[in-house]
Each structure stands twice: as structure tokens, then as C-alpha cells.
file input20.tsv (TSV, C-alpha atoms)
chain	number	residue	atom	x	y	z
A	29	MET	CA	32.37	-15.26	-46.15
A	30	ALA	CA	32.40	-15.59	-42.31
A	31	ARG	CA	32.39	-11.79	-41.97
A	32	SER	CA	29.31	-11.25	-44.07
A	33	SER	CA	27.30	-13.98	-42.32
A	34	SER	CA	28.25	-12.68	-38.84
A	35	GLY	CA	27.26	-9.16	-39.90
A	36	PHE	CA	23.99	-10.50	-41.23
A	37	VAL	CA	23.29	-12.37	-37.93
A	38	ALA	CA	24.17	-9.25	-35.92
A	39	GLY	CA	21.78	-7.19	-38.05
A	40	LEU	CA	18.98	-9.71	-37.55
A	41	THR	CA	19.65	-9.72	-33.79
A	42	VAL	CA	19.46	-5.91	-33.59
A	43	ALA	CA	16.24	-5.91	-35.63
A	44	ALA	CA	14.72	-8.62	-33.42
A	45	VAL	CA	15.61	-6.78	-30.17
A	46	ALA	CA	14.20	-3.53	-31.55
A	47	THR	CA	10.98	-5.26	-32.61
A	48	VAL	CA	10.53	-6.95	-29.21
A	49	GLY	CA	11.20	-3.62	-27.45
A	50	PHE	CA	8.65	-1.82	-29.62
A	51	LEU	CA	6.00	-4.52	-29.06
A	52	ALA	CA	6.64	-4.47	-25.28
A	53	TYR	CA	6.21	-0.68	-25.26
A	54	GLN	CA	2.91	-0.95	-27.18
A	55	ALA	CA	1.64	-3.69	-24.85
A	56	SER	CA	2.50	-1.69	-21.72
A	57	ALA	CA	0.49	1.27	-23.00
A	58	HIS	CA	-2.65	-0.91	-23.07
A	59	VAL	CA	-2.33	-2.60	-19.65
A	60	PRO	CA	-5.24	-1.73	-17.31
A	61	ASP	CA	-4.24	0.27	-14.22
A	62	THR	CA	-5.82	-2.40	-12.03
A	63	LEU	CA	-3.75	-5.33	-13.37
A	64	GLY	CA	-2.33	-7.20	-10.42
A	65	LYS	CA	-4.34	-5.15	-7.90
A	66	PRO	CA	-7.09	-7.27	-6.35
A	67	GLN	CA	-9.23	-4.34	-5.15
A	68	VAL	CA	-12.22	-5.16	-7.35
A	69	LYS	CA	-14.24	-8.29	-6.80
A	70	ASN	CA	-16.60	-8.31	-9.74
A	71	SER	CA	-19.31	-10.82	-9.12
A	72	PRO	CA	-20.89	-12.54	-12.09
A	73	GLY	CA	-23.98	-10.69	-13.12
A	74	ALA	CA	-23.12	-7.62	-11.05
A	75	PRO	CA	-25.46	-4.90	-12.22
A	76	SER	CA	-24.08	-1.97	-14.15
A	77	GLN	CA	-27.52	-0.55	-14.94
A	78	THR	CA	-29.94	-0.76	-12.05
A	79	PRO	CA	-33.58	0.28	-12.33
A	80	ARG	CA	-34.65	3.10	-10.03
A	81	THR	CA	-38.06	4.36	-9.23
A	82	LYS	CA	-38.92	7.83	-10.51
A	83	LYS	CA	-41.44	8.33	-7.69
A	84	ASN	CA	-38.89	7.82	-4.92
A	85	PRO	CA	-35.29	8.40	-6.06
A	86	ALA	CA	-34.06	7.72	-2.52
A	87	ALA	CA	-35.43	4.15	-2.62
A	88	LEU	CA	-32.81	1.42	-2.58
A	89	PRO	CA	-32.19	0.32	-6.21
A	90	GLY	CA	-33.23	-3.21	-7.07
A	91	GLY	CA	-30.46	-5.55	-8.12
A	92	SER	CA	-27.86	-3.82	-5.94
A	93	GLY	CA	-26.81	-6.95	-4.11
A	94	THR	CA	-27.87	-8.62	-0.89
A	95	GLY	CA	-26.92	-8.49	2.76
A	96	GLU	CA	-25.13	-5.77	4.67
A	97	ARG	CA	-23.41	-3.39	2.26
A	98	VAL	CA	-22.79	0.15	1.08
A	99	VAL	CA	-24.44	0.91	-2.27
A	100	TYR	CA	-23.08	3.81	-4.33
A	101	ALA	CA	-25.04	4.91	-7.42
A	102	LEU	CA	-22.80	6.86	-9.79
A	103	ALA	CA	-25.62	8.35	-11.87
A	104	ASP	CA	-27.49	9.63	-8.81
A	105	ASP	CA	-24.50	10.59	-6.62
A	106	ARG	CA	-26.30	8.75	-3.82
A	107	VAL	CA	-25.25	6.26	-1.15
A	108	TRP	CA	-27.29	3.74	0.83
A	109	LEU	CA	-26.11	2.02	4.01
A	110	VAL	CA	-27.93	-1.31	3.89
A	111	GLY	CA	-28.38	-3.58	6.90
A	112	PRO	CA	-28.28	-7.39	6.95
A	113	ASP	CA	-32.07	-7.39	6.43
A	114	ASN	CA	-31.56	-5.76	2.97
A	115	LYS	CA	-33.23	-2.54	4.16
A	116	ALA	CA	-31.59	0.87	3.84
A	117	GLN	CA	-30.66	2.22	7.26
A	118	ARG	CA	-29.62	5.56	5.81
A	119	THR	CA	-29.34	7.22	2.40
A	120	PHE	CA	-27.71	10.48	1.39
A	121	THR	CA	-26.31	12.35	-1.58
A	122	VAL	CA	-22.58	12.82	-2.11
A	123	THR	CA	-20.29	14.95	-4.23
A	124	PRO	CA	-18.05	12.68	-6.32
A	125	GLY	CA	-14.41	13.34	-7.15
A	126	THR	CA	-13.24	13.59	-10.73
A	127	VAL	CA	-12.37	9.87	-10.99
A	128	ASP	CA	-15.19	7.37	-10.39
A	129	PRO	CA	-14.84	3.74	-9.37
A	130	ARG	CA	-15.92	1.23	-11.97
A	131	PRO	CA	-19.26	-0.50	-11.34
A	132	GLY	CA	-18.72	-3.72	-9.40
A	133	THR	CA	-18.37	-5.14	-5.91
A	134	TYR	CA	-15.53	-4.01	-3.63
A	135	GLU	CA	-14.50	-4.22	0.00
A	136	VAL	CA	-13.39	-1.41	2.31
A	137	THR	CA	-9.61	-1.74	2.22
A	138	SER	CA	-8.53	0.92	4.73
A	139	ARG	CA	-9.80	3.69	6.97
A	140	THR	CA	-8.21	6.80	8.46
A	141	ALA	CA	-9.83	8.99	11.12
A	142	THR	CA	-8.40	12.29	9.87
A	143	GLY	CA	-6.12	13.44	7.08
A	144	THR	CA	-5.74	15.74	4.13
A	145	GLY	CA	-7.59	15.10	0.88
A	146	SER	CA	-5.67	15.09	-2.40
A	147	ASP	CA	-7.21	18.53	-3.02
A	148	GLY	CA	-5.55	19.84	0.17
A	149	THR	CA	-8.77	19.96	2.24
A	150	PRO	CA	-8.62	18.63	5.83
A	151	VAL	CA	-10.98	15.61	5.96
A	152	GLU	CA	-12.24	13.07	8.46
A	153	HIS	CA	-13.70	9.57	8.42
A	154	ILE	CA	-11.85	8.43	5.29
A	155	VAL	CA	-13.15	5.05	4.03
A	156	ARG	CA	-11.19	3.72	1.02
A	157	PHE	CA	-12.49	0.93	-1.19
A	158	ALA	CA	-11.21	1.19	-4.78
A	159	ALA	CA	-8.68	2.61	-7.24
A	160	ASN	CA	-9.05	3.63	-10.87
A	161	HIS	CA	-6.31	4.92	-13.17
A	162	GLY	CA	-3.93	5.01	-10.19
A	163	VAL	CA	-6.29	7.21	-8.14
A	164	VAL	CA	-7.44	5.89	-4.75
A	165	ILE	CA	-11.19	6.22	-4.23
A	166	GLY	CA	-13.03	6.56	-0.96
A	167	PHE	CA	-15.63	8.41	1.05
A	168	SER	CA	-14.71	11.31	3.36
A	169	ALA	CA	-16.14	14.44	4.95
A	170	ALA	CA	-14.46	17.83	4.80
A	171	MET	CA	-13.83	19.08	8.34
A	172	ASP	CA	-15.27	22.48	7.41
A	173	GLY	CA	-18.47	20.75	6.21
A	174	SER	CA	-18.03	21.79	2.57
A	175	THR	CA	-19.09	19.52	-0.28
A	176	ALA	CA	-18.12	21.72	-3.23
A	177	LYS	CA	-17.52	20.09	-6.62
A	178	PRO	CA	-13.81	19.44	-7.21
A	179	ARG	CA	-11.77	21.15	-9.90
A	180	ALA	CA	-12.00	19.06	-13.05
A	181	SER	CA	-8.32	19.70	-13.83
A	182	LYS	CA	-7.20	17.35	-11.02
A	183	LYS	CA	-7.54	13.59	-10.66
A	184	LEU	CA	-9.40	13.22	-7.36
A	185	GLY	CA	-11.02	10.10	-5.94
A	186	GLY	CA	-12.55	11.59	-2.79
A	187	ILE	CA	-16.32	11.18	-2.60
A	188	ARG	CA	-17.43	13.95	-0.23
A	189	GLU	CA	-20.30	13.61	2.17
A	190	SER	CA	-21.62	15.85	4.95
A	191	ARG	CA	-20.00	15.47	8.36
A	192	ALA	CA	-23.10	13.74	9.77
A	193	ASP	CA	-23.19	11.32	6.82
A	194	GLY	CA	-19.43	10.83	7.14
A	195	THR	CA	-19.86	9.80	10.77
A	196	ALA	CA	-22.61	7.34	9.79
A	197	MET	CA	-20.40	5.90	7.02
A	198	TRP	CA	-17.45	5.62	9.44
A	199	GLU	CA	-19.53	3.67	11.96
A	200	PHE	CA	-21.06	1.41	9.27
A	201	ALA	CA	-18.24	0.72	6.80
A	202	THR	CA	-15.49	-1.02	8.71
A	203	THR	CA	-12.57	-2.74	6.97
A	204	GLY	CA	-13.86	-5.61	4.81
A	205	GLN	CA	-17.39	-4.16	4.46
A	206	LYS	CA	-18.90	-4.82	1.03
A	207	VAL	CA	-19.32	-1.75	-1.26
A	208	VAL	CA	-21.46	-2.18	-4.39
A	209	VAL	CA	-20.99	0.45	-7.09
A	210	ILE	CA	-23.76	0.68	-9.67
A	211	GLN	CA	-24.17	2.92	-12.67
call {"tool": "encode", "arguments": {"input": "input20.tsv", "output": "C-alpha cells"}}
result
Amino acid sequence: MARSSSGFVAGLTVAAVATVGFLAYQASAHVPDTLGKPQVKNSPGAPSQTPRTKKNPAALPGGSGTGERVVYALADDRVWLVGPDNKAQRTFTVTPGTVDPRPGTYEVTSRTATGTGSDGTPVEHIVRFAANHGVVIGFSAAMDGSTAKPRASKKLGGIRESRADGTAMWEFATTGQKVVVIQ
């Protein structure tokens, strides 16, 4: 009788370990890429839909935060550099990568004067502020001045701006600068 009960216990143990392994695998497939990465600081009530004026699409969107900040509107592919007086000092259009940041409030986490974009293009004035699905997201300017749309087959987080706009971003968005991403 001891043999049959030990075999039964061994069978239950194997079944339990297999079940726990299967459940752990299922759970890991549903973990957000940002878990444990404090790059996003979502503020309560942070706008995801911000009203814009049809008459002046370059006007700073209402509800995009307060104080000195960078505002990036995903739907408009537009950036505003906003001073401490809540007035836009500069606005310009950008060419987004294939992976967008999620709407929310971020901080500039790192900067690099020159480098190579993940698409192989030499870039300057790289200002990183977010990550999404394991892709680092930031602003940069191609050294050849190009702002062509990226190939959709690659996961790219570079938001391209002209060289003049890249210089303005570089001077404005130092490490720790607030970046507000709106829909």
C-alpha cells in the first residue's frame, strides 16, 4: 500500500508543478513592458484627449499641463517648447518613429550629442524620455537633415525633427525636463 500512495503523491506533485509552470508562463505573457521601469509619471487627470483649435493648429493645446515643459501631440505630430510662463517659445512638426510613447507625463532621462539611430542614420541632439514595448523613445535630428518616415517593418522610437528644431530641443530639454505626451 505504501508504493501506491507514494506514486499517487508523486503524480500529484508533477501535476501541481506543471500547473504552476503553465500559469506562470501565461502570466508572463501579459506583463506590461514597463513593469518595474519608472520612466512614466502619470499624473492623475493627465489628458489623453486634448482640445485643439481648428483655426490655429499650432496653438498650444489646452489641458497640456503647466509650467516649463515639452508638449508632444501624437495626433498632430507636433511639439511645443513651453516656458515657465505657460507660453510656447517654439513649436514645430516632427516625424514620429513606428513606436509611440503612451500619453502621460515623463521626464528627460538621458541625452547624447551625437550617435546612430536604430535605423542606422547618423543623428544629433538625442533627447530620450520614454520606452514602450522595449523600444526607447526620444527626439533627434538626422545629421543630413532628412525627416523621412521610417520603415513600418522596424520598431523605431526616434522622433525626428529638423536640425534647427533639434538644436532648440537640445538647448531646452535638459535631463529632468518634463515632457507631456497627449493624444
call {"tool": "atom_distance", "arguments": {"input": "input20.tsv", "atom1": "CA of Thr126 (chain A)", "atom2": "CA of Ala158 (chain A)"}}
result
13.9 Å
call {"tool": "closest_residue", "arguments": {"input": "input20.tsv", "among": "A:Met197, A:Leu109, A:Gly145, A:Ile210", "to": "Gly90 (chain A)", "atoms": "all atoms listed in the file"}}
result
A:Ile210
call {"tool": "atom_distance", "arguments": {"input": "input20.tsv", "atom1": "CA of Ile187 (chain A)", "atom2": "CA of Pro112 (chain A)"}}
result
24.1 Å
call {"tool": "closest_residue", "arguments": {"input": "input20.tsv", "among": "A:Val122, A:Ala87, A:Ala103, A:Ile154", "to": "Ser174 (chain A)", "atoms": "only C-alpha atoms"}}
result
A:Val122
call {"tool": "atom_distance", "arguments": {"input": "input20.tsv", "atom1": "CA of Phe200 (chain A)", "atom2": "CA of Ala176 (chain A)"}}
result
24.0 Å
call {"tool": "closest_residue", "arguments": {"input": "input20.tsv", "among": "A:Tyr134, A:Phe167, A:Phe120, A:Trp108", "to": "Val208 (chain A)", "atoms": "all atoms listed in the file"}}
result
A:Tyr134
call {"tool": "residues_near_point", "arguments": {"input": "input20.tsv", "point": "(-18.1, 16.8, 0.0)", "cutoff": "9 Å", "atoms": "all atoms listed in the file", "output": "PDB file with C-alpha atoms, keeping the file's coordinate frame"}}
result
ATOM      1  CA  VAL A 122     -22.580  12.820  -2.110  1.00  0.00           C
ATOM      2  CA  THR A 123     -20.290  14.950  -4.230  1.00  0.00           C
ATOM      3  CA  PRO A 124     -18.050  12.680  -6.320  1.00  0.00           C
ATOM      4  CA  GLY A 125     -14.410  13.340  -7.150  1.00  0.00           C
ATOM      5  CA  PHE A 167     -15.630   8.410   1.050  1.00  0.00           C
ATOM      6  CA  SER A 168     -14.710  11.310   3.360  1.00  0.00           C
ATOM      7  CA  ALA A 169     -16.140  14.440   4.950  1.00  0.00           C
ATOM      8  CA  ALA A 170     -14.460  17.830   4.800  1.00  0.00           C
ATOM      9  CA  GLY A 173     -18.470  20.750   6.210  1.00  0.00           C
ATOM     10  CA  SER A 174     -18.030  21.790   2.570  1.00  0.00           C
ATOM     11  CA  THR A 175     -19.090  19.520  -0.280  1.00  0.00           C
ATOM     12  CA  ALA A 176     -18.120  21.720  -3.230  1.00  0.00           C
ATOM     13  CA  LYS A 177     -17.520  20.090  -6.620  1.00  0.00           C
ATOM     14  CA  PRO A 178     -13.810  19.440  -7.210  1.00  0.00           C
ATOM     15  CA  GLY A 186     -12.550  11.590  -2.790  1.00  0.00           C
ATOM     16  CA  ILE A 187     -16.320  11.180  -2.600  1.00  0.00           C
ATOM     17  CA  ARG A 188     -17.430  13.950  -0.230  1.00  0.00           C
ATOM     18  CA  GLU A 189     -20.300  13.610   2.170  1.00  0.00           C
ATOM     19  CA  SER A 190     -21.620  15.850   4.950  1.00  0.00           C
ATOM     20  CA  ARG A 191     -20.000  15.470   8.360  1.00  0.00           C
TER      21      ARG A 191
END
call {"tool": "closest_residue", "arguments": {"input": "input20.tsv", "among": "A:Pro85, A:Gly204, A:Gly91, A:Gly185", "to": "Thr121 (chain A)", "atoms": "only C-alpha atoms"}}
result
A:Pro85
call {"tool": "closest_residue", "arguments": {"input": "input20.tsv", "among": "A:Arg130, A:Lys83, A:Lys115, A:Arg139", "to": "Leu102 (chain A)", "atoms": "all atoms listed in the file"}}
result
A:Arg130
call {"tool": "closest_residue", "arguments": {"input": "input20.tsv", "among": "A:Pro150, A:Arg106, A:Leu184, A:Glu135", "to": "Arg118 (chain A)", "atoms": "all atoms listed in the file"}}
result
A:Arg106
call {"tool": "decode", "arguments": {"input": "input20.tsv", "residues": "region 98-109 of chain A", "atoms": "N, CA and C atoms", "output": "CSV table (one decimal), in the first residue's frame"}}
result
chain,number,residue,atom,x,y,z
A,98,VAL,N,8.0,70.2,-22.3
A,98,VAL,CA,7.9,69.9,-23.7
A,98,VAL,C,6.5,69.2,-23.9
A,99,VAL,N,5.7,69.7,-24.9
A,99,VAL,CA,4.4,69.0,-25.1
A,99,VAL,C,4.5,68.4,-26.5
A,100,TYR,N,4.2,67.1,-26.5
A,100,TYR,CA,4.2,66.3,-27.8
A,100,TYR,C,2.8,65.8,-28.1
A,101,ALA,N,2.2,66.2,-29.2
A,101,ALA,CA,0.9,65.8,-29.6
A,101,ALA,C,1.0,64.7,-30.6
A,102,LEU,N,0.6,63.5,-30.2
A,102,LEU,CA,0.7,62.3,-31.1
A,102,LEU,C,-0.1,62.5,-32.4
A,103,ALA,N,-1.4,63.0,-32.3
A,103,ALA,CA,-2.3,63.1,-33.4
A,103,ALA,C,-1.8,64.1,-34.4
A,104,ASP,N,-1.1,65.1,-33.9
A,104,ASP,CA,-0.7,66.2,-34.8
A,104,ASP,C,0.8,66.1,-35.2
A,105,ASP,N,1.5,65.2,-34.6
A,105,ASP,CA,3.0,65.1,-34.9
A,105,ASP,C,3.6,66.5,-34.7
A,106,ARG,N,3.3,67.1,-33.6
A,106,ARG,CA,3.7,68.5,-33.3
A,106,ARG,C,4.3,68.6,-31.9
A,107,VAL,N,5.3,69.4,-31.7
A,107,VAL,CA,5.9,69.6,-30.4
A,107,VAL,C,5.9,71.1,-30.1
A,108,TRP,N,5.7,71.4,-28.8
A,108,TRP,CA,5.8,72.8,-28.3
A,108,TRP,C,6.8,72.8,-27.2
A,109,LEU,N,7.7,73.8,-27.2
A,109,LEU,CA,8.6,74.0,-26.1
A,109,LEU,C,8.0,75.2,-25.3
